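Asks: Dropping a structure here in structure tokens format, bear with me for questions.
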Amino acid sequence: MTWHAQLDIRYTPEQERTVARHSHNGPLRVLQSLYPEGGAICHNVLVHPPGGLVGGDTLDMTVAASGNAHGLLTTPGATRFYRSAGELALQRTHIDLQDQARLEWLPLEALAYNQCRAENRLTLNLAPQAEFMGWDVTAFGLPSAALPFELGSFLQHIEVPGVWLERGRIDATDKRLMDGPLGLAGHRCMASLFFVSGSPLERHRREAGLELARSLLDAHALQASAGVSCPNPQVMVLRVLSPLVEPAMLLLRQVWVAWRAHFWQLPAVSPRIWST
């Protein structure tokens, strides 16, 4: 039996408070809204009770924000793409930010199990004054459990239409890609953190953001397999390869803290679920 689930979330400002309203169909929903930073920023946790996706499963998420609403979304654990007998497992997320809205998209890692056939798609649409910060972390196989990623495929698609597109397919049988120096070089976790603006970033904001990230990279154990750049004036991306998830996630969180302070003048308040 396959699962098809849909979740719609809308953030709006009401009396100096960001309010989240949501509806769902199937096993995908959010927990109660939390306000660890005060009413202006609404934290939510996405929950998928089955715990993972198999061939034929589809998860569709739509997130919208308007006014000066600020939402933060995360997950309680990894998104697991399990072995497939042939059908595709698909997760699609569409984010639409209007006016001066902000959104932080901070799910924990996606795990591509051996013999999975999976696609993970994220599409962003931003109004000129809207801004977004999010990350994508994908791990292949379970190295610590001696369960390598030897068969299967995983497609990652991240897009700001007309502005930025990153799309790549990881084929477990492509040894040059998985182990070659121009591919993953034997690493089994790839991660990226991206800051996106609806209009070109001012030069001083862009250059200061790059410098902050580079100073953290220089002091990190993964500096040789990490880098940060601006593919265009609206997008800043940090990318890193790592043998395991934990070092990559630690680096992304460090840069997230720095960018949150720089771009939005906000201290970083970690979602409560991360400490459980």
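Chain labels A, B, ... are given in the sequence in which chains occur in the structure tokens; within each chain residues are numbered consecutively from 1, and ligands are likewise numbered from 1 in the order shown.
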Hey, which bits of segment 178-260 of chain A sit within 10 Å of segment 89-111 of chain A, and for each residue what's the closest pair of atoms and how far apart in Å (one decimal), counting only C-alpha atoms, rows by chain and increasing number, as a Markdown table?

Replies:
| residue | atom | partner | partner_atom | distance |
| --- | --- | --- | --- | --- |
| A:Cys189 | CA | A:Leu111 | CA | 9.2 |
| A:Met190 | CA | A:Glu109 | CA | 9.8 |
| A:Ala191 | CA | A:Glu109 | CA | 8.7 |
| A:Leu193 | CA | A:Leu106 | CA | 9.3 |
| A:Phe194 | CA | A:Trp105 | CA | 9.9 |
| A:Phe195 | CA | A:Glu104 | CA | 9.4 |
| A:Ser197 | CA | A:Arg102 | CA | 9.6 |
| A:Gly198 | CA | A:Leu97 | CA | 8.8 |
| A:Val245 | CA | A:Glu109 | CA | 7.6 |
| A:Glu246 | CA | A:Glu109 | CA | 9.7 |
| A:Met249 | CA | A:Glu109 | CA | 8.5 |
| A:Arg253 | CA | A:Leu106 | CA | 9.6 |
| A:Trp256 | CA | A:Leu106 | CA | 9.8 |
| A:Arg260 | CA | A:Glu104 | CA | 9.8 |

Asks: Those selected residues, please, written with N, CA and C atoms and delivered as a compact mmCIF listing (two decimals), in the first residue's frame.

Replies:
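Result saved to again-v4.txt:
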# COMPACT_ATOMS: atom_id res chain seq x y z
N CYS A 189 27.73 12.11 2.34
CA CYS A 189 26.77 13.14 2.72
C CYS A 189 27.10 14.40 1.92
N MET A 190 26.08 14.96 1.26
CA MET A 190 26.23 16.24 0.60
C MET A 190 25.20 17.20 1.19
N ALA A 191 25.64 18.42 1.43
CA ALA A 191 24.77 19.36 2.13
C ALA A 191 24.96 20.76 1.56
N LEU A 193 23.53 25.02 2.27
CA LEU A 193 22.76 26.06 2.96
C LEU A 193 22.62 27.20 1.98
N PHE A 194 21.40 27.74 1.82
CA PHE A 194 21.23 28.79 0.84
C PHE A 194 20.38 29.93 1.39
N PHE A 195 20.80 31.14 1.06
CA PHE A 195 20.06 32.35 1.38
C PHE A 195 19.58 32.93 0.05
N SER A 197 17.07 35.91 -1.88
CA SER A 197 16.32 37.16 -1.80
C SER A 197 15.47 37.32 -3.05
N GLY A 198 14.32 37.97 -2.90
CA GLY A 198 13.45 38.20 -4.05
C GLY A 198 13.97 39.23 -5.01
N VAL A 245 26.79 12.62 8.29
CA VAL A 245 25.88 13.76 8.40
C VAL A 245 26.32 14.75 9.47
N GLU A 246 26.72 14.26 10.63
CA GLU A 246 26.89 15.13 11.79
C GLU A 246 27.88 16.28 11.57
N MET A 249 26.19 18.86 9.23
CA MET A 249 25.10 19.58 9.89
C MET A 249 25.64 20.60 10.89
N ARG A 253 24.80 24.62 10.69
CA ARG A 253 24.21 25.35 11.82
C ARG A 253 25.06 26.55 12.22
N TRP A 256 24.41 29.15 9.60
CA TRP A 256 23.03 29.64 9.79
C TRP A 256 22.99 30.67 10.91
N ARG A 260 21.96 34.47 10.08
CA ARG A 260 20.75 35.00 10.72
C ARG A 260 21.05 36.35 11.38

Asks: Determine which residues of segment 167-218 of chain A receive a DSSP assignment of strand (DSSP E or B), computed from the backbone, and state them as a compact mmCIF listing (two decimals) with N, CA and C atoms, in the first residue's frame.

Replies:
# COMPACT_ATOMS: atom_id res chain seq x y z
N ARG A 167 20.04 20.87 -10.05
CA ARG A 167 19.37 19.59 -10.30
C ARG A 167 20.44 18.55 -10.57
N GLY A 168 20.40 17.48 -9.83
CA GLY A 168 21.39 16.43 -10.04
C GLY A 168 20.84 15.07 -9.64
N ARG A 169 21.24 14.06 -10.38
CA ARG A 169 20.83 12.68 -10.08
C ARG A 169 22.04 11.90 -9.60
N ILE A 170 21.91 11.28 -8.45
CA ILE A 170 22.95 10.43 -7.90
C ILE A 170 22.60 8.98 -8.21
N ASP A 171 23.41 8.33 -9.02
CA ASP A 171 23.24 6.92 -9.35
C ASP A 171 24.27 6.13 -8.56
N CYS A 189 27.73 12.11 2.34
CA CYS A 189 26.77 13.14 2.72
C CYS A 189 27.10 14.40 1.92
N MET A 190 26.08 14.96 1.26
CA MET A 190 26.23 16.24 0.60
C MET A 190 25.20 17.20 1.19
N ALA A 191 25.64 18.42 1.43
CA ALA A 191 24.77 19.36 2.13
C ALA A 191 24.96 20.76 1.56
N SER A 192 23.91 21.55 1.61
CA SER A 192 23.99 22.94 1.17
C SER A 192 23.08 23.80 2.04
N LEU A 193 23.53 25.02 2.27
CA LEU A 193 22.76 26.06 2.96
C LEU A 193 22.62 27.20 1.98
N PHE A 194 21.40 27.74 1.82
CA PHE A 194 21.23 28.79 0.84
C PHE A 194 20.38 29.93 1.39
N PHE A 195 20.80 31.14 1.06
CA PHE A 195 20.06 32.35 1.38
C PHE A 195 19.58 32.93 0.05
N VAL A 196 18.27 33.18 -0.04
CA VAL A 196 17.67 33.64 -1.30
C VAL A 196 16.87 34.90 -1.03
N SER A 197 17.07 35.91 -1.88
CA SER A 197 16.32 37.16 -1.80
C SER A 197 15.47 37.32 -3.05

Asks: Measuring between only C-alpha atoms, which one of A:Tyr11, A:Trp3, A:Tyr35, A:Phe140 shows the shortest distance to Thr58 of chain A?

Replies: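 Residue with the minimum atom-to-atom distance to Thr58 of chain A: A:Trp3.
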
Asks: Please return, as number ranges by chain, all residues of segment 14-248 of chain A that DSSP assigns to helix (DSSP H, G or I) on the basis of the backbone.

Replies: A: 143-145, 175-179, 203-218, 223-225, 245-248

Asks: A:Ala221, A:Val63, A:Leu151, A:Val54: which is nearest Asp8 of chain A, counting only C-alpha atoms?

Replies: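 The closest residue to Asp8 of chain A is A:Val63.
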
Asks: Please determine, counting only C-alpha atoms, which residue among A:Arg188, A:Arg121, A:His24, A:His220 has the shortest atom-to-atom distance to Gln156 of chain A.

Replies: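 Checking each of A:Arg188, A:Arg121, A:His24, A:His220 against Gln156 of chain A, counting only C-alpha atoms, the winner is A:Arg121.
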
Asks: Pick from A:Ile158, A:Ala64, A:Ile273, A:Cys230: nearest to Val45 of chain A, with only C-alpha atoms counted?

Replies: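 Going through A:Ile158, A:Ala64, A:Ile273, A:Cys230 one by one, the smallest distance to Val45 of chain A is for A:Ile273.
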
Asks: Nearest residue to Gly77 of chain A out of A:Asp60, A:His48, A:Cys42, A:Trp164, using only C-alpha atoms?

Replies: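 The shortest atom-to-atom distance to Gly77 of chain A comes from A:His48.
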
Asks: Taking only C-alpha atoms into account, name the residue in A:Val30, A:Glu119, A:Asn114, A:Leu126 that is nearest to Pro76 of chain A.

Replies: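 Ranking A:Val30, A:Glu119, A:Asn114, A:Leu126 by distance to Pro76 of chain A, first place goes to A:Val30.
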
Asks: For Gly183 of chain A, please output as a ChimeraX atom specification all residues within 10 Å (counting only C-alpha atoms; exclusion window: fewer than 4 positions along the same chain).

Replies: /A:170,174-179,187,241

Asks: Leaving out Ser23 of chain A and any residue of its chain fewer than 4 positions from it, which residues lie within 9 Å of it when counting only C-alpha atoms, given as a list of chain:residue names?

Replies: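 So, after excluding close chain neighbours, the residues are A:Gln6, A:Leu7, A:Asp8, A:Ile9, A:Arg29.
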
Asks: Please produce a file of those selected residues containing all heavy atoms, as a CSV table (one decimal), in the first residue's frame.

Replies:
chain,number,residue,atom,x,y,z
A,6,GLN,N,-0.7,15.3,1.7
A,6,GLN,CA,-0.6,16.7,1.3
A,6,GLN,C,-0.7,17.6,2.5
A,6,GLN,O,-1.6,17.3,3.4
A,6,GLN,CB,-1.7,17.1,0.2
A,6,GLN,CG,-1.6,18.5,-0.3
A,6,GLN,CD,-2.6,18.8,-1.4
A,6,GLN,OE1,-3.4,17.9,-1.8
A,6,GLN,NE2,-2.6,20.0,-1.8
A,7,LEU,N,0.1,18.6,2.6
A,7,LEU,CA,0.0,19.6,3.7
A,7,LEU,C,0.2,21.0,3.1
A,7,LEU,O,1.0,21.2,2.3
A,7,LEU,CB,1.2,19.3,4.7
A,7,LEU,CG,1.3,20.2,5.8
A,7,LEU,CD1,0.2,20.2,6.8
A,7,LEU,CD2,2.6,20.0,6.6
A,8,ASP,N,-0.7,21.9,3.6
A,8,ASP,CA,-0.7,23.3,3.2
A,8,ASP,C,-0.6,24.1,4.5
A,8,ASP,O,-1.4,23.9,5.4
A,8,ASP,CB,-2.0,23.7,2.4
A,8,ASP,CG,-2.1,22.9,1.1
A,8,ASP,OD1,-1.2,23.0,0.3
A,8,ASP,OD2,-3.2,22.2,1.0
A,9,ILE,N,0.4,25.0,4.5
A,9,ILE,CA,0.7,25.9,5.6
A,9,ILE,C,0.7,27.3,5.1
A,9,ILE,O,1.3,27.6,4.1
A,9,ILE,CB,2.0,25.6,6.3
A,9,ILE,CG1,2.1,24.1,6.6
A,9,ILE,CG2,2.2,26.4,7.6
A,9,ILE,CD1,3.5,23.7,7.1
A,29,ARG,N,1.5,16.3,8.7
A,29,ARG,CA,0.9,17.4,9.4
A,29,ARG,C,1.9,18.1,10.2
A,29,ARG,O,3.1,17.8,10.2
A,29,ARG,CB,-0.2,16.8,10.4
A,29,ARG,CG,0.3,15.9,11.4
A,29,ARG,CD,-0.8,15.1,12.0
A,29,ARG,NE,-1.4,14.2,11.0
A,29,ARG,CZ,-2.6,13.5,11.2
A,29,ARG,NH1,-3.3,13.7,12.3
A,29,ARG,NH2,-3.0,12.8,10.2

Asks: Tell me, in Å to one decimal, how far atom CA of Glu16 of chain A is from atom CA of Leu124 of chain A.

Replies: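 Atom CA of Leu124 of chain A lies 25.2 Å from atom CA of Glu16 of chain A.
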
Asks: Excluding Trp259 of chain A and any residue of its chain fewer than 3 positions from it, enumerate the residues within 12 Å of it, using only C-alpha atoms, and give them as number ranges by chain.

Replies: A: 104, 132-134, 193-196, 205-214, 216, 236-238, 252-256, 262-268

Asks: Can you work out the spacing between atom CA of Asn125 of chain A and atom CA of Asn68 of chain A in Å, to one decimal?

Replies: 15.8 Å

Asks: How many Å lie between atom CA of Pro161 of chain A and atom CA of Thr62 of chain A, rounded to one decimal?

Replies: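 Answer for the atom CA of Pro161 of chain A to atom CA of Thr62 of chain A separation: 15.9 Å.
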
Asks: Residues at most 9 Å from Ile41 of chain A, counting only C-alpha atoms, excluding those fewer than 6 positions away in the same chain, as a ChimeraX atom specification?

Replies: /A:17-19,34-35,69-72

Asks: Can you spit out the residues from that selection as a tab-separated table (two decimals), in the first residue's frame, using C-alpha atoms?

Replies:
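Generated output (result10.tsv):
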chain	number	residue	atom	x	y	z
A	17	ARG	CA	2.25	37.87	15.83
A	18	THR	CA	2.92	35.38	13.05
A	19	VAL	CA	0.08	32.86	12.89
A	34	LEU	CA	5.72	27.45	19.14
A	35	TYR	CA	7.11	30.92	19.91
A	69	ALA	CA	5.27	37.03	8.68
A	70	HIS	CA	8.29	34.92	9.64
A	71	GLY	CA	8.00	31.15	9.85
A	72	LEU	CA	10.52	28.45	10.72
